[in-house]
Every structure is written in C-alpha cells, then in structure tokens.
file data-v2.pdb (PDB, C-alpha atoms)
ATOM      1  CA  MET A 201     -77.175 152.326 -31.227
ATOM      2  CA  LYS A 202     -78.311 150.726 -27.982
ATOM      3  CA  GLU A 203     -75.384 148.321 -28.133
ATOM      4  CA  ASN A 204     -72.935 151.203 -28.686
ATOM      5  CA  GLY A 205     -74.444 153.055 -25.746
ATOM      6  CA  TRP A 206     -73.908 150.067 -23.473
ATOM      7  CA  ILE A 207     -70.296 149.764 -24.605
ATOM      8  CA  LEU A 208     -69.647 153.468 -23.955
ATOM      9  CA  LYS A 209     -71.163 153.227 -20.472
ATOM     10  CA  PHE A 210     -68.951 150.238 -19.703
ATOM     11  CA  LEU A 211     -65.832 152.028 -20.955
ATOM     12  CA  TYR A 212     -66.626 155.176 -18.947
ATOM     13  CA  SER A 213     -67.242 153.084 -15.833
ATOM     14  CA  PHE A 214     -64.032 151.135 -16.379
ATOM     15  CA  LEU A 215     -61.945 154.252 -16.940
ATOM     16  CA  GLY A 216     -63.597 155.938 -13.966
ATOM     17  CA  SER A 217     -62.726 152.956 -11.765
ATOM     18  CA  ILE A 218     -59.084 153.124 -12.864
ATOM     19  CA  VAL A 219     -58.929 156.832 -12.055
ATOM     20  CA  VAL A 220     -60.437 156.263  -8.593
ATOM     21  CA  PHE A 221     -58.047 153.349  -7.999
ATOM     22  CA  LEU A 222     -54.988 155.404  -8.956
ATOM     23  CA  VAL A 223     -56.021 158.459  -6.950
ATOM     24  CA  TYR A 224     -56.708 156.404  -3.839
ATOM     25  CA  SER A 225     -53.551 154.281  -4.294
ATOM     26  CA  HIS A 226     -51.340 157.366  -4.490
ATOM     27  CA  TYR A 227     -53.098 158.769  -1.421
ATOM     28  CA  GLU A 228     -52.578 155.563   0.552
ATOM     29  CA  TYR A 229     -48.907 155.406  -0.463
ATOM     30  CA  ARG A 230     -48.267 158.880   0.922
ATOM     31  CA  ASN A 231     -50.047 158.294   4.243
ATOM     32  CA  ILE A 232     -47.905 156.312   6.630
ATOM     33  CA  LYS A 233     -49.696 154.900   9.666
ATOM     34  CA  VAL A 234     -48.001 154.551  13.044
ATOM     35  CA  ARG A 235     -48.967 151.297  14.710
ATOM     36  CA  THR A 236     -48.265 150.611  18.390
ATOM     37  CA  ILE A 237     -48.087 147.010  19.640
ATOM     38  CA  GLU A 238     -47.472 145.887  23.194
ATOM     39  CA  ILE A 239     -45.008 143.054  23.782
ATOM     40  CA  LYS A 240     -45.667 141.595  27.212
ATOM     41  CA  SER A 241     -43.190 139.066  28.573
ATOM     42  CA  LYS A 242     -41.749 137.933  31.881
ATOM     43  CA  ASP A 243     -38.352 138.114  30.139
ATOM     44  CA  VAL A 244     -38.537 141.920  29.834
ATOM     45  CA  PRO A 245     -36.191 143.298  32.538
ATOM     46  CA  LYS A 246     -37.547 145.892  34.943
ATOM     47  CA  GLU A 247     -35.327 148.622  33.492
ATOM     48  CA  PHE A 248     -36.840 148.036  30.027
ATOM     49  CA  ASP A 249     -40.466 148.037  31.167
ATOM     50  CA  GLY A 250     -42.190 150.699  29.071
ATOM     51  CA  LYS A 251     -39.324 151.158  26.623
ATOM     52  CA  ARG A 252     -40.368 151.713  22.995
ATOM     53  CA  VAL A 253     -38.768 150.015  19.992
ATOM     54  CA  LEU A 254     -39.412 151.522  16.554
ATOM     55  CA  PHE A 255     -39.314 149.092  13.615
ATOM     56  CA  VAL A 256     -39.379 149.910   9.902
ATOM     57  CA  ALA A 257     -38.405 148.049   6.742
ATOM     58  CA  ASP A 258     -38.491 148.315   2.960
ATOM     59  CA  PHE A 259     -37.866 152.013   2.330
ATOM     60  CA  GLN A 260     -37.421 151.410  -1.435
ATOM     61  CA  TYR A 261     -38.527 154.834  -2.617
ATOM     62  CA  ASP A 262     -37.138 154.230  -6.094
ATOM     63  CA  THR A 263     -38.028 152.701  -9.440
ATOM     64  CA  MET A 264     -35.775 152.148 -12.451
ATOM     65  CA  ALA A 265     -36.383 155.724 -13.596
ATOM     66  CA  ARG A 266     -37.408 157.717 -10.508
ATOM     67  CA  TYR A 267     -36.552 158.361  -6.869
ATOM     68  CA  ASN A 268     -39.222 159.629  -4.490
ATOM     69  CA  ARG A 269     -36.983 161.721  -2.229
ATOM     70  CA  LYS A 270     -39.925 163.768  -0.979
ATOM     71  CA  GLN A 271     -41.693 160.718   0.463
ATOM     72  CA  GLN A 272     -38.451 159.316   1.839
ATOM     73  CA  LYS A 273     -37.753 162.544   3.716
ATOM     74  CA  LYS A 274     -41.345 162.535   4.996
ATOM     75  CA  ALA A 275     -40.878 158.982   6.350
ATOM     76  CA  ILE A 276     -37.643 159.938   8.101
ATOM     77  CA  GLU A 277     -39.280 163.016   9.647
ATOM     78  CA  LEU A 278     -42.107 160.807  10.920
ATOM     79  CA  ILE A 279     -39.595 158.336  12.369
ATOM     80  CA  ASN A 280     -37.795 161.170  14.131
ATOM     81  CA  SER A 281     -41.030 162.547  15.584
ATOM     82  CA  GLN A 282     -41.937 159.310  17.358
ATOM     83  CA  LYS A 283     -41.179 158.683  21.006
ATOM     84  CA  LYS A 284     -38.800 155.710  20.967
ATOM     85  CA  ASP A 285     -35.773 154.287  22.761
ATOM     86  CA  MET A 286     -34.211 152.401  19.866
ATOM     87  CA  ILE A 287     -34.696 151.908  16.131
ATOM     88  CA  LEU A 288     -34.642 148.648  14.175
ATOM     89  CA  LEU A 289     -34.265 148.641  10.385
ATOM     90  CA  GLY A 290     -35.457 145.506   8.589
ATOM     91  CA  GLY A 291     -33.622 145.727   5.258
ATOM     92  CA  ASP A 292     -34.259 146.807   1.645
ATOM     93  CA  TYR A 293     -33.217 150.447   1.765
ATOM     94  CA  ALA A 294     -33.380 150.950  -2.019
ATOM     95  CA  THR A 295     -34.612 148.737  -4.843
ATOM     96  CA  TRP A 296     -31.819 149.460  -7.320
ATOM     97  CA  GLU A 297     -28.109 149.330  -6.495
ATOM     98  CA  LYS A 298     -27.480 152.668  -8.228
ATOM     99  CA  ASN A 299     -29.752 154.339  -5.668
ATOM    100  CA  ILE A 300     -28.026 153.084  -2.518
ATOM    101  CA  PRO A 301     -26.099 156.390  -2.079
ATOM    102  CA  LYS A 302     -29.333 158.391  -2.317
ATOM    103  CA  PHE A 303     -30.838 156.499   0.587
ATOM    104  CA  TYR A 304     -27.845 157.181   2.815
ATOM    105  CA  GLU A 305     -27.814 160.873   1.911
ATOM    106  CA  ASP A 306     -31.183 161.096   3.669
ATOM    107  CA  ALA A 307     -30.569 158.375   6.278
ATOM    108  CA  LYS A 308     -27.986 160.620   7.932
ATOM    109  CA  ASP A 309     -30.995 162.616   9.158
ATOM    110  CA  ILE A 310     -32.342 159.670  11.179
ATOM    111  CA  LYS A 311     -31.806 160.727  14.779
ATOM    112  CA  ILE A 312     -30.323 158.131  17.090
ATOM    113  CA  PRO A 313     -32.677 157.845  20.108
ATOM    114  CA  GLU A 314     -31.791 159.769  23.256
ATOM    115  CA  LEU A 315     -31.450 156.579  25.289
ATOM    116  CA  GLY A 316     -28.280 156.056  23.289
ATOM    117  CA  VAL A 317     -28.785 152.373  22.569
ATOM    118  CA  GLY A 318     -28.862 153.247  18.898
ATOM    119  CA  VAL A 319     -30.024 152.001  15.545
ATOM    120  CA  TYR A 320     -29.788 148.323  14.571
ATOM    121  CA  ALA A 321     -30.123 147.094  11.000
ATOM    122  CA  ILE A 322     -29.979 143.998   8.823
ATOM    123  CA  TYR A 323     -29.528 143.283   5.135
ATOM    124  CA  GLY A 324     -32.524 142.798   2.846
ATOM    125  CA  ASN A 325     -32.457 141.027  -0.501
ATOM    126  CA  HIS A 326     -31.915 144.337  -2.332
ATOM    127  CA  GLU A 327     -28.636 144.947  -0.516
ATOM    128  CA  TYR A 328     -27.063 142.291  -2.761
ATOM    129  CA  PRO A 329     -24.953 143.183  -4.659
ATOM    130  CA  GLY A 330     -23.780 146.209  -2.778
ATOM    131  CA  ALA A 331     -23.423 144.551   0.623
ATOM    132  CA  GLU A 332     -19.999 146.108   1.251
ATOM    133  CA  GLU A 333     -21.272 149.570   0.343
ATOM    134  CA  THR A 334     -24.194 149.108   2.722
ATOM    135  CA  ALA A 335     -21.851 148.030   5.530
ATOM    136  CA  GLU A 336     -19.600 151.052   4.964
ATOM    137  CA  ASN A 337     -22.513 153.473   4.991
ATOM    138  CA  MET A 338     -24.054 151.934   8.110
ATOM    139  CA  LYS A 339     -20.716 152.284   9.898
ATOM    140  CA  LYS A 340     -20.368 155.960   8.857
ATOM    141  CA  LEU A 341     -23.839 156.685  10.247
ATOM    142  CA  GLY A 342     -23.108 154.927  13.520
ATOM    143  CA  PHE A 343     -25.764 152.275  12.856
ATOM    144  CA  ASN A 344     -25.183 148.711  14.059
ATOM    145  CA  LEU A 345     -25.388 146.258  11.143
ATOM    146  CA  LEU A 346     -26.153 142.754  12.404
ATOM    147  CA  VAL A 347     -24.595 139.997  10.302
ATOM    148  CA  ASN A 348     -25.628 136.716  11.949
ATOM    149  CA  GLU A 349     -24.878 138.192  15.366
ATOM    150  CA  ASN A 350     -26.465 139.791  18.404
ATOM    151  CA  ARG A 351     -25.834 142.894  20.449
ATOM    152  CA  LYS A 352     -26.462 143.422  24.131
ATOM    153  CA  ILE A 353     -28.265 146.553  25.264
ATOM    154  CA  THR A 354     -27.735 147.438  28.922
ATOM    155  CA  ILE A 355     -29.503 149.814  31.296
ATOM    156  CA  ASN A 356     -28.390 149.777  34.938
ATOM    157  CA  ASN A 357     -26.928 146.274  34.655
ATOM    158  CA  GLU A 358     -30.049 144.797  33.037
ATOM    159  CA  ASN A 359     -29.947 143.562  29.457
ATOM    160  CA  ILE A 360     -31.974 142.813  26.371
ATOM    161  CA  TYR A 361     -30.618 141.581  23.034
ATOM    162  CA  ILE A 362     -31.111 142.452  19.376
ATOM    163  CA  SER A 363     -30.251 139.586  17.041
ATOM    164  CA  GLY A 364     -30.182 139.631  13.242
ATOM    165  CA  VAL A 365     -29.424 137.405  10.270
ATOM    166  CA  THR A 366     -28.485 138.018   6.649
ATOM    167  CA  ASP A 367     -31.010 137.677   3.834
ATOM    168  CA  LEU A 368     -32.611 134.325   3.045
ATOM    169  CA  TRP A 369     -32.256 134.663  -0.736
ATOM    170  CA  HIS A 370     -28.806 136.143  -1.178
ATOM    171  CA  GLY A 371     -27.038 135.866   2.148
ATOM    172  CA  LYS A 372     -26.264 132.963   4.437
ATOM    173  CA  PRO A 373     -28.620 133.436   7.396
ATOM    174  CA  ASP A 374     -27.522 131.565  10.504
ATOM    175  CA  ALA A 375     -29.897 131.860  13.459
ATOM    176  CA  LYS A 376     -27.763 129.545  15.571
ATOM    177  CA  LYS A 377     -24.802 131.886  15.241
ATOM    178  CA  ALA A 378     -26.978 134.995  15.616
ATOM    179  CA  LEU A 379     -28.380 133.685  18.908
ATOM    180  CA  GLU A 380     -25.090 132.312  20.202
ATOM    181  CA  GLY A 381     -24.578 132.824  23.924
ATOM    182  CA  LEU A 382     -28.214 133.711  24.586
ATOM    183  CA  LYS A 383     -30.535 131.871  26.955
ATOM    184  CA  LYS A 384     -34.273 131.283  26.754
ATOM    185  CA  GLU A 385     -34.849 133.560  29.741
ATOM    186  CA  ASP A 386     -33.128 136.487  27.971
ATOM    187  CA  PHE A 387     -35.363 138.967  26.167
ATOM    188  CA  VAL A 388     -34.474 138.850  22.477
ATOM    189  CA  LEU A 389     -35.822 140.648  19.416
ATOM    190  CA  PHE A 390     -34.811 138.683  16.321
ATOM    191  CA  LEU A 391     -34.556 140.372  12.903
ATOM    192  CA  THR A 392     -34.875 138.584   9.564
ATOM    193  CA  HIS A 393     -35.767 140.428   6.378
ATOM    194  CA  ASN A 394     -37.652 137.537   4.801
ATOM    195  CA  PRO A 395     -40.369 136.101   7.090
ATOM    196  CA  GLU A 396     -40.076 132.658   5.492
ATOM    197  CA  TYR A 397     -36.727 132.180   7.221
ATOM    198  CA  PHE A 398     -38.938 131.478  10.237
ATOM    199  CA  GLU A 399     -39.625 128.101   8.572
ATOM    200  CA  GLU A 400     -35.920 127.228   8.729
ATOM    201  CA  MET A 401     -35.395 128.104  12.393
ATOM    202  CA  THR A 402     -35.250 125.269  14.894
ATOM    203  CA  GLU A 403     -37.593 125.035  17.875
ATOM    204  CA  ASP A 404     -34.727 125.981  20.188
ATOM    205  CA  GLU A 405     -33.927 129.067  18.111
ATOM    206  CA  LYS A 406     -37.560 130.171  18.077
ATOM    207  CA  GLU A 407     -37.771 129.736  21.851
ATOM    208  CA  LYS A 408     -34.795 132.047  22.318
ATOM    209  CA  ALA A 409     -36.460 134.752  20.218
ATOM    210  CA  ASP A 410     -39.238 136.458  22.171
ATOM    211  CA  MET A 411     -40.379 138.139  18.961
ATOM    212  CA  THR A 412     -39.239 137.715  15.366
ATOM    213  CA  LEU A 413     -39.536 140.805  13.161
ATOM    214  CA  ALA A 414     -39.605 140.728   9.358
ATOM    215  CA  GLY A 415     -40.479 142.751   6.279
ATOM    216  CA  HIS A 416     -40.048 141.952   2.569
ATOM    217  CA  THR A 417     -43.709 141.431   1.624
ATOM    218  CA  HIS A 418     -44.862 145.094   1.540
ATOM    219  CA  GLY A 419     -48.191 143.745   2.772
ATOM    220  CA  GLY A 420     -48.844 142.787  -0.849
ATOM    221  CA  GLN A 421     -48.262 146.384  -2.147
ATOM    222  CA  VAL A 422     -51.369 146.261  -4.356
ATOM    223  CA  THR A 423     -53.921 143.823  -2.947
ATOM    224  CA  PHE A 424     -57.492 142.842  -3.713
ATOM    225  CA  PHE A 425     -59.033 144.895  -0.905
ATOM    226  CA  GLY A 426     -56.588 143.425   1.608
ATOM    227  CA  LYS A 427     -56.207 139.954   0.132
ATOM    228  CA  ILE A 428     -52.614 139.506  -1.017
ATOM    229  CA  ILE A 429     -52.533 138.323  -4.620
ATOM    230  CA  VAL A 430     -48.869 138.782  -5.519
ATOM    231  CA  SER A 431     -45.934 138.811  -3.113
ATOM    232  CA  ALA A 432     -42.321 137.661  -3.052
ATOM    233  CA  ILE A 433     -43.074 134.768  -0.695
ATOM    234  CA  LYS A 434     -44.520 131.292  -1.172
ATOM    235  CA  ASP A 435     -47.103 131.287   1.621
ATOM    236  CA  LYS A 436     -48.943 134.615   1.355
ATOM    237  CA  LYS A 437     -51.550 133.701   3.964
ATOM    238  CA  LYS A 438     -49.054 132.547   6.563
ATOM    239  CA  TYR A 439     -46.441 135.274   6.145
ATOM    240  CA  GLY A 440     -48.156 138.081   4.222
ATOM    241  CA  TYR A 441     -48.639 140.737   6.873
ATOM    242  CA  GLY A 442     -49.200 141.412  10.554
ATOM    243  CA  MET A 443     -48.809 139.627  13.854
ATOM    244  CA  LYS A 444     -48.685 135.843  13.595
ATOM    245  CA  GLU A 445     -48.234 133.119  16.194
ATOM    246  CA  TYR A 446     -47.244 129.566  15.306
ATOM    247  CA  ASP A 447     -46.737 126.923  17.999
ATOM    248  CA  GLY A 448     -46.457 129.663  20.609
ATOM    249  CA  HIS A 449     -43.809 131.612  18.706
ATOM    250  CA  LYS A 450     -44.604 135.127  17.505
ATOM    251  CA  ILE A 451     -43.531 136.831  14.305
ATOM    252  CA  TYR A 452     -44.539 140.268  13.091
ATOM    253  CA  ILE A 453     -44.367 141.049   9.355
ATOM    254  CA  THR A 454     -44.493 144.770   8.602
ATOM    255  CA  SER A 455     -46.022 146.213   5.443
ATOM    256  CA  GLY A 456     -42.946 148.418   5.134
ATOM    257  CA  LEU A 457     -42.684 151.969   3.887
ATOM    258  CA  GLY A 458     -42.166 152.201   0.137
ATOM    259  CA  GLY A 459     -41.920 149.958  -2.891
ATOM    260  CA  ALA A 460     -43.562 150.437  -6.271
ATOM    261  CA  PHE A 461     -46.026 148.710  -8.588
ATOM    262  CA  LEU A 462     -45.488 148.836 -12.358
ATOM    263  CA  GLU A 463     -43.076 151.756 -11.844
ATOM    264  CA  MET A 464     -45.759 153.656  -9.907
ATOM    265  CA  PHE A 465     -45.576 154.797  -6.290
ATOM    266  CA  ILE A 466     -48.889 153.270  -5.252
ATOM    267  CA  ARG A 467     -50.339 150.961  -2.620
ATOM    268  CA  PHE A 468     -53.833 149.522  -2.425
ATOM    269  CA  PHE A 469     -55.096 148.209   0.924
ATOM    270  CA  ALA A 470     -51.480 147.721   1.974
ATOM    271  CA  GLN A 471     -50.847 150.973   3.849
ATOM    272  CA  PRO A 472     -47.215 151.752   4.689
ATOM    273  CA  GLU A 473     -46.365 151.781   8.364
ATOM    274  CA  ILE A 474     -44.009 152.545  11.190
ATOM    275  CA  VAL A 475     -44.370 150.080  14.057
ATOM    276  CA  ILE A 476     -43.723 150.908  17.710
ATOM    277  CA  PHE A 477     -43.300 147.923  20.031
ATOM    278  CA  GLU A 478     -43.856 148.867  23.648
ATOM    279  CA  LEU A 479     -42.104 146.475  26.016
ATOM    280  CA  LYS A 480     -44.055 145.396  29.091
ATOM    281  CA  ARG A 481     -42.830 143.247  31.934
ATOM    282  CA  GLY A 482     -45.375 140.657  33.026
TER     283      GLY A 482
END
call {"tool": "encode", "arguments": {"input": "data-v2.pdb", "output": "structure tokens"}}
result
Amino acid sequence: MKENGWILKFLYSFLGSIVVFLVYSHYEYRNIKVRTIEIKSKDVPKEFDGKRVLFVADFQYDTMARYNRKQQKKAIELINSQKKDMILLGGDYATWEKNIPKFYEDAKDIKIPELGVGVYAIYGNHEYPGAEETAENMKKLGFNLLVNENRKITINNENIYISGVTDLWHGKPDAKKALEGLKKEDFVLFLTHNPEYFEEMTEDEKEKADMTLAGHTHGGQVTFFGKIIVSAIKDKKKYGYGMKEYDGHKIYITSGLGGAFLEMFIRFFAQPEIVIFELKRG
C-alpha cells in the first residue's frame, strides 16, 4: 500500500507539472514582448538619428492541421501600434505552403510607416517551394522583397541601406552581390533569415554591415528554462538568440513571433517578440 501511495503521488505530481507547463507555455506564446535596442554608430546619418526600425520574423502561425489567425491578427495589430519609421521582415511567413495565402490575407493590414520608406522583406526557408507566390504577394502589398540586393533609403539627401539575401538552406545567398556598391562608411542593415550564414560572410562583407539581423531559431521555441535544447541550427550557443558580437561584428537573432511544438501553439522561456532598433548617431 505504501508503495502504491508513492506511485500515485509521483503520477499526480508529474501530471500536475505537465498541466502547469502547458498553461504557462500557451500564456507565453500569446504574450508578445516589444524589445527596444539602440544602435549607435558614426555611420548613422544626421537625418536618421532617432529613427526607429521595427524587425520581426517567423510568423508561422500554422501547423499541419490548424491556423492561429487570432494570434496572427494580434501580432499585426501590435506591429501597427508601434512607433516606427520602417519595417523589416525576416522570413518564414507560414510553415506550410498551403497556408501562404492565409498569411497574405492578414498581411495586407500591416500599415506601411508614415515616413514612407516602407516594408522590406527576405525569404525564409519555408518560402521554398512557393518563392514565386511569395514574390507576387509581396509586390501586391507594396513590400520590397530583397533577393541578394540592397535598397537605398533617402531623407533630405542622406542615405542608409537595407540589404538582404536569400535563404541559406534553399536559396543561393550572395552577400557580395547584396552589398554591391556599398562602402564601409555607409550605414547598412543586413538581413539573413538563417543566422549561420554569418559564418559564410567574408570579413569585408561583415565590415560593410553595421548590423546583421536574423531569425529562424525561434529562440528555441521550447527550452529548458532558457537553455536551447533543440533548434534548426548547428551552434545553438553561438546563434540561438539575442545580440551577439564576434570579432567586432554584431548580429541580432530574434526569437520570432510564432511557430509550434508538437502541433501545439506553445513556447517555453522563448517569448515571442517584436524588436525596435533605434538608430543613434555617435
């Protein structure tokens, strides 16, 4: 009897822990944090001092069987409510190709910032196949899809540049081409969906990029209290999440917005986020 009592206590504790885990994980998934990070550089032109760049990646509000339109609409409303001068989208807009149209049905509600410099996007690994459909939808929305290229943004004859490459796994990313024509003294934000492409960039390419921005990892999605156990990258410590600096070159890896774990819309110590980069001259 004593042995049975111990077993029952263990089972109740185990089941209770699972319930707490699931309740908290669903709560964390639904609560998107807004993180503000200052980028200070002598390369920031005077006209861009104080400008705010909003960065998000990995919407992926779908599983094989379900689509979380409610949370997707909530994320877009939160994006629209932020004070920003431009928006950068870091890839992976849906997990399954069949759901690509559903993302763009809601993405039409993303408001292009008042400054008028627009929305800039890149491909993630989940845009393949379906790359042509993504390009068509981006064009319809008036978003700028960067395919190994850069765009100049001008205010009163002063410029910054947004540069972006295709996906490391399924595209043919070419940083040299994406940074073509740019100088080290230009201020450049460089977009790559997969942070491990940073390993393939040359020193010259990294020097041209004042900040590299990436997604893909979801911050681990479901972690061991913040320690990433499983992620779609080789070096989880180096490129798992957050602001990193290697040999003087900075890369920020966002935890993204959505994703799923075992067909469940949950996150555990990998809170979804919207990131605001505030540009500072200095």
call {"tool": "atom_distance", "arguments": {"input": "data-v2.pdb", "atom1": "CA of Leu413 in chain A", "atom2": "CA of Ser363 in chain A"}}
result
10.1 Å
call {"tool": "atom_distance", "arguments": {"input": "data-v2.pdb", "atom1": "CA of Ile310 in chain A", "atom2": "CA of Lys270 in chain A"}}
result
14.9 Å
call {"tool": "resolve_selection", "arguments": {"input": "data-v2.pdb", "expression": "the PyMOL selection byres ((chain A and resi 397-404) around 9)", "output": "list in words"}}
result
Asp367, Leu368, Pro373, Asp374, Ala375, Lys376, Lys384, Thr392, His393, Asn394, Pro395, Glu396, Glu405, Lys406, Glu407, Lys408, Ala409, Thr412 and Ile451 of chain A
call {"tool": "resolve_selection", "arguments": {"input": "data-v2.pdb", "expression": "the PyMOL selection byres ((chain A and resi 234-237) around 6)", "output": "NGL selection string"}}
result
:A and (233 or 238 or 473-477)
call {"tool": "resolve_selection", "arguments": {"input": "data-v2.pdb", "expression": "the PyMOL selection byres ((chain A and resi 344) around 6)", "output": "PDB file with C-alpha atoms, in the frame of the given file"}}
result
ATOM      1  CA  TYR A 320     -29.788 148.323  14.571  1.00  0.00           C
ATOM      2  CA  PHE A 343     -25.764 152.275  12.856  1.00  0.00           C
ATOM      3  CA  LEU A 345     -25.388 146.258  11.143  1.00  0.00           C
TER       4      LEU A 345
END
call {"tool": "atom_distance", "arguments": {"input": "data-v2.pdb", "atom1": "CA of Tyr229 in chain A", "atom2": "CA of Gly420 in chain A"}}
result
12.6 Å
call {"tool": "closest_residue", "arguments": {"input": "data-v2.pdb", "among": "A:Ala331, A:Ile276, A:Leu379, A:Met286", "to": "Lys308 in chain A", "atoms": "all atoms listed in the file"}}
result
A:Ile276
call {"tool": "closest_residue", "arguments": {"input": "data-v2.pdb", "among": "A:Lys352, A:Ala294, A:Ala378, A:Ser455", "to": "Arg467 in chain A", "atoms": "only C-alpha atoms"}}
result
A:Ser455
call {"tool": "residues_around", "arguments": {"input": "data-v2.pdb", "residues": "Glu277 in chain A", "least_positions_apart": "6", "cutoff": "10 Å", "atoms": "all atoms listed in the file", "output": "PyMOL selection string"}}
result
chain A and resi 271+309-311
call {"tool": "residues_around", "arguments": {"input": "data-v2.pdb", "residues": "Arg481 in chain A", "least_positions_apart": "5", "cutoff": "10 Å", "atoms": "all atoms listed in the file", "output": "list in words"}}
result
Ile239, Lys240, Ser241, Lys242, Asp243, Val244, Pro245, Lys246, Glu247, Phe248, Asp249 and Gly250 of chain A
call {"tool": "closest_residue", "arguments": {"input": "data-v2.pdb", "among": "A:Gly442, A:Gly290, A:Gly456, A:Gly216", "to": "Gln421 in chain A", "atoms": "all atoms listed in the file"}}
result
A:Gly456
call {"tool": "closest_residue", "arguments": {"input": "data-v2.pdb", "among": "A:Leu288, A:Tyr361, A:Phe424, A:Leu208", "to": "Gly381 in chain A", "atoms": "all atoms listed in the file"}}
result
A:Tyr361
call {"tool": "closest_residue", "arguments": {"input": "data-v2.pdb", "among": "A:Ile312, A:Ile355, A:Val219, A:Val422", "to": "Ala460 in chain A", "atoms": "all atoms listed in the file"}}
result
A:Val422
call {"tool": "closest_residue", "arguments": {"input": "data-v2.pdb", "among": "A:Val430, A:Leu346, A:Met411, A:Val256", "to": "Lys450 in chain A", "atoms": "all atoms listed in the file"}}
result
A:Met411
call {"tool": "axis_aligned_box", "arguments": {"input": "data-v2.pdb", "around": "range 300-319 of chain A", "padding_each_side": "5 Å", "output": "AutoDock Vina command-line options"}}
result
--center_x -29.4 --center_y 157.3 --center_z 11.4 --size_x 16.6 --size_y 20.6 --size_z 37.8
call {"tool": "residues_around", "arguments": {"input": "data-v2.pdb", "residues": "Ile353 in chain A", "least_positions_apart": "2", "cutoff": "10 Å", "atoms": "all atoms listed in the file", "output": "VMD selection string"}}
result
chain A and resid 248 286 316 to 318 350 to 351 355 357 to 362
call {"tool": "residues_around", "arguments": {"input": "data-v2.pdb", "residues": "Phe468 in chain A", "least_positions_apart": "6", "cutoff": "10 Å", "atoms": "only C-alpha atoms", "output": "MDAnalysis selection string"}}
result
chainID A and resid 221:222 224:229 419:426 461
call {"tool": "decode", "arguments": {"input": "data-v2.pdb", "residues": "range 428-434 of chain A", "atoms": "all heavy atoms", "output": "PDB file, in the first residue's frame"}}
result
ATOM      1  N   ILE A 428      18.636  26.519 -24.832  1.00  0.00           N
ATOM      2  CA  ILE A 428      18.108  25.942 -26.066  1.00  0.00           C
ATOM      3  C   ILE A 428      18.585  24.497 -26.214  1.00  0.00           C
ATOM      4  O   ILE A 428      19.784  24.222 -26.244  1.00  0.00           O
ATOM      5  CB  ILE A 428      18.535  26.772 -27.288  1.00  0.00           C
ATOM      6  CG1 ILE A 428      17.967  28.197 -27.168  1.00  0.00           C
ATOM      7  CG2 ILE A 428      18.053  26.129 -28.582  1.00  0.00           C
ATOM      8  CD1 ILE A 428      18.419  29.140 -28.261  1.00  0.00           C
ATOM      9  N   ILE A 429      17.623  23.596 -26.293  1.00  0.00           N
ATOM     10  CA  ILE A 429      17.933  22.170 -26.423  1.00  0.00           C
ATOM     11  C   ILE A 429      17.854  21.730 -27.873  1.00  0.00           C
ATOM     12  O   ILE A 429      18.731  21.033 -28.385  1.00  0.00           O
ATOM     13  CB  ILE A 429      16.960  21.314 -25.567  1.00  0.00           C
ATOM     14  CG1 ILE A 429      16.953  21.798 -24.109  1.00  0.00           C
ATOM     15  CG2 ILE A 429      17.335  19.836 -25.653  1.00  0.00           C
ATOM     16  CD1 ILE A 429      18.299  21.732 -23.427  1.00  0.00           C
ATOM     17  N   VAL A 430      16.781  22.149 -28.549  1.00  0.00           N
ATOM     18  CA  VAL A 430      16.570  21.774 -29.949  1.00  0.00           C
ATOM     19  C   VAL A 430      16.347  23.027 -30.771  1.00  0.00           C
ATOM     20  O   VAL A 430      15.533  23.885 -30.416  1.00  0.00           O
ATOM     21  CB  VAL A 430      15.350  20.836 -30.092  1.00  0.00           C
ATOM     22  CG1 VAL A 430      15.110  20.493 -31.562  1.00  0.00           C
ATOM     23  CG2 VAL A 430      15.540  19.564 -29.278  1.00  0.00           C
ATOM     24  N   SER A 431      17.058  23.151 -31.879  1.00  0.00           N
ATOM     25  CA  SER A 431      16.876  24.273 -32.789  1.00  0.00           C
ATOM     26  C   SER A 431      17.436  23.888 -34.152  1.00  0.00           C
ATOM     27  O   SER A 431      18.294  23.002 -34.247  1.00  0.00           O
ATOM     28  CB  SER A 431      17.592  25.523 -32.260  1.00  0.00           C
ATOM     29  OG  SER A 431      17.302  26.641 -33.077  1.00  0.00           O
ATOM     30  N   ALA A 432      16.950  24.570 -35.184  1.00  0.00           N
ATOM     31  CA  ALA A 432      17.339  24.229 -36.552  1.00  0.00           C
ATOM     32  C   ALA A 432      18.659  24.879 -36.947  1.00  0.00           C
ATOM     33  O   ALA A 432      18.824  25.355 -38.077  1.00  0.00           O
ATOM     34  CB  ALA A 432      16.233  24.641 -37.507  1.00  0.00           C
ATOM     35  N   ILE A 433      19.608  24.904 -36.040  1.00  0.00           N
ATOM     36  CA  ILE A 433      20.954  25.400 -36.320  1.00  0.00           C
ATOM     37  C   ILE A 433      21.967  24.483 -35.651  1.00  0.00           C
ATOM     38  O   ILE A 433      21.636  23.758 -34.709  1.00  0.00           O
ATOM     39  CB  ILE A 433      21.161  26.851 -35.823  1.00  0.00           C
ATOM     40  CG1 ILE A 433      20.806  26.970 -34.334  1.00  0.00           C
ATOM     41  CG2 ILE A 433      20.373  27.837 -36.660  1.00  0.00           C
ATOM     42  CD1 ILE A 433      21.165  28.305 -33.731  1.00  0.00           C
ATOM     43  N   LYS A 434      23.197  24.523 -36.113  1.00  0.00           N
ATOM     44  CA  LYS A 434      24.241  23.661 -35.562  1.00  0.00           C
ATOM     45  C   LYS A 434      24.760  24.191 -34.223  1.00  0.00           C
ATOM     46  O   LYS A 434      24.894  23.436 -33.262  1.00  0.00           O
ATOM     47  CB  LYS A 434      25.394  23.535 -36.558  1.00  0.00           C
ATOM     48  CG  LYS A 434      25.012  22.841 -37.857  1.00  0.00           C
ATOM     49  CD  LYS A 434      26.169  22.860 -38.842  1.00  0.00           C
ATOM     50  CE  LYS A 434      25.780  22.235 -40.173  1.00  0.00           C
ATOM     51  NZ  LYS A 434      26.884  22.331 -41.171  1.00  0.00           N
TER      52      LYS A 434
END
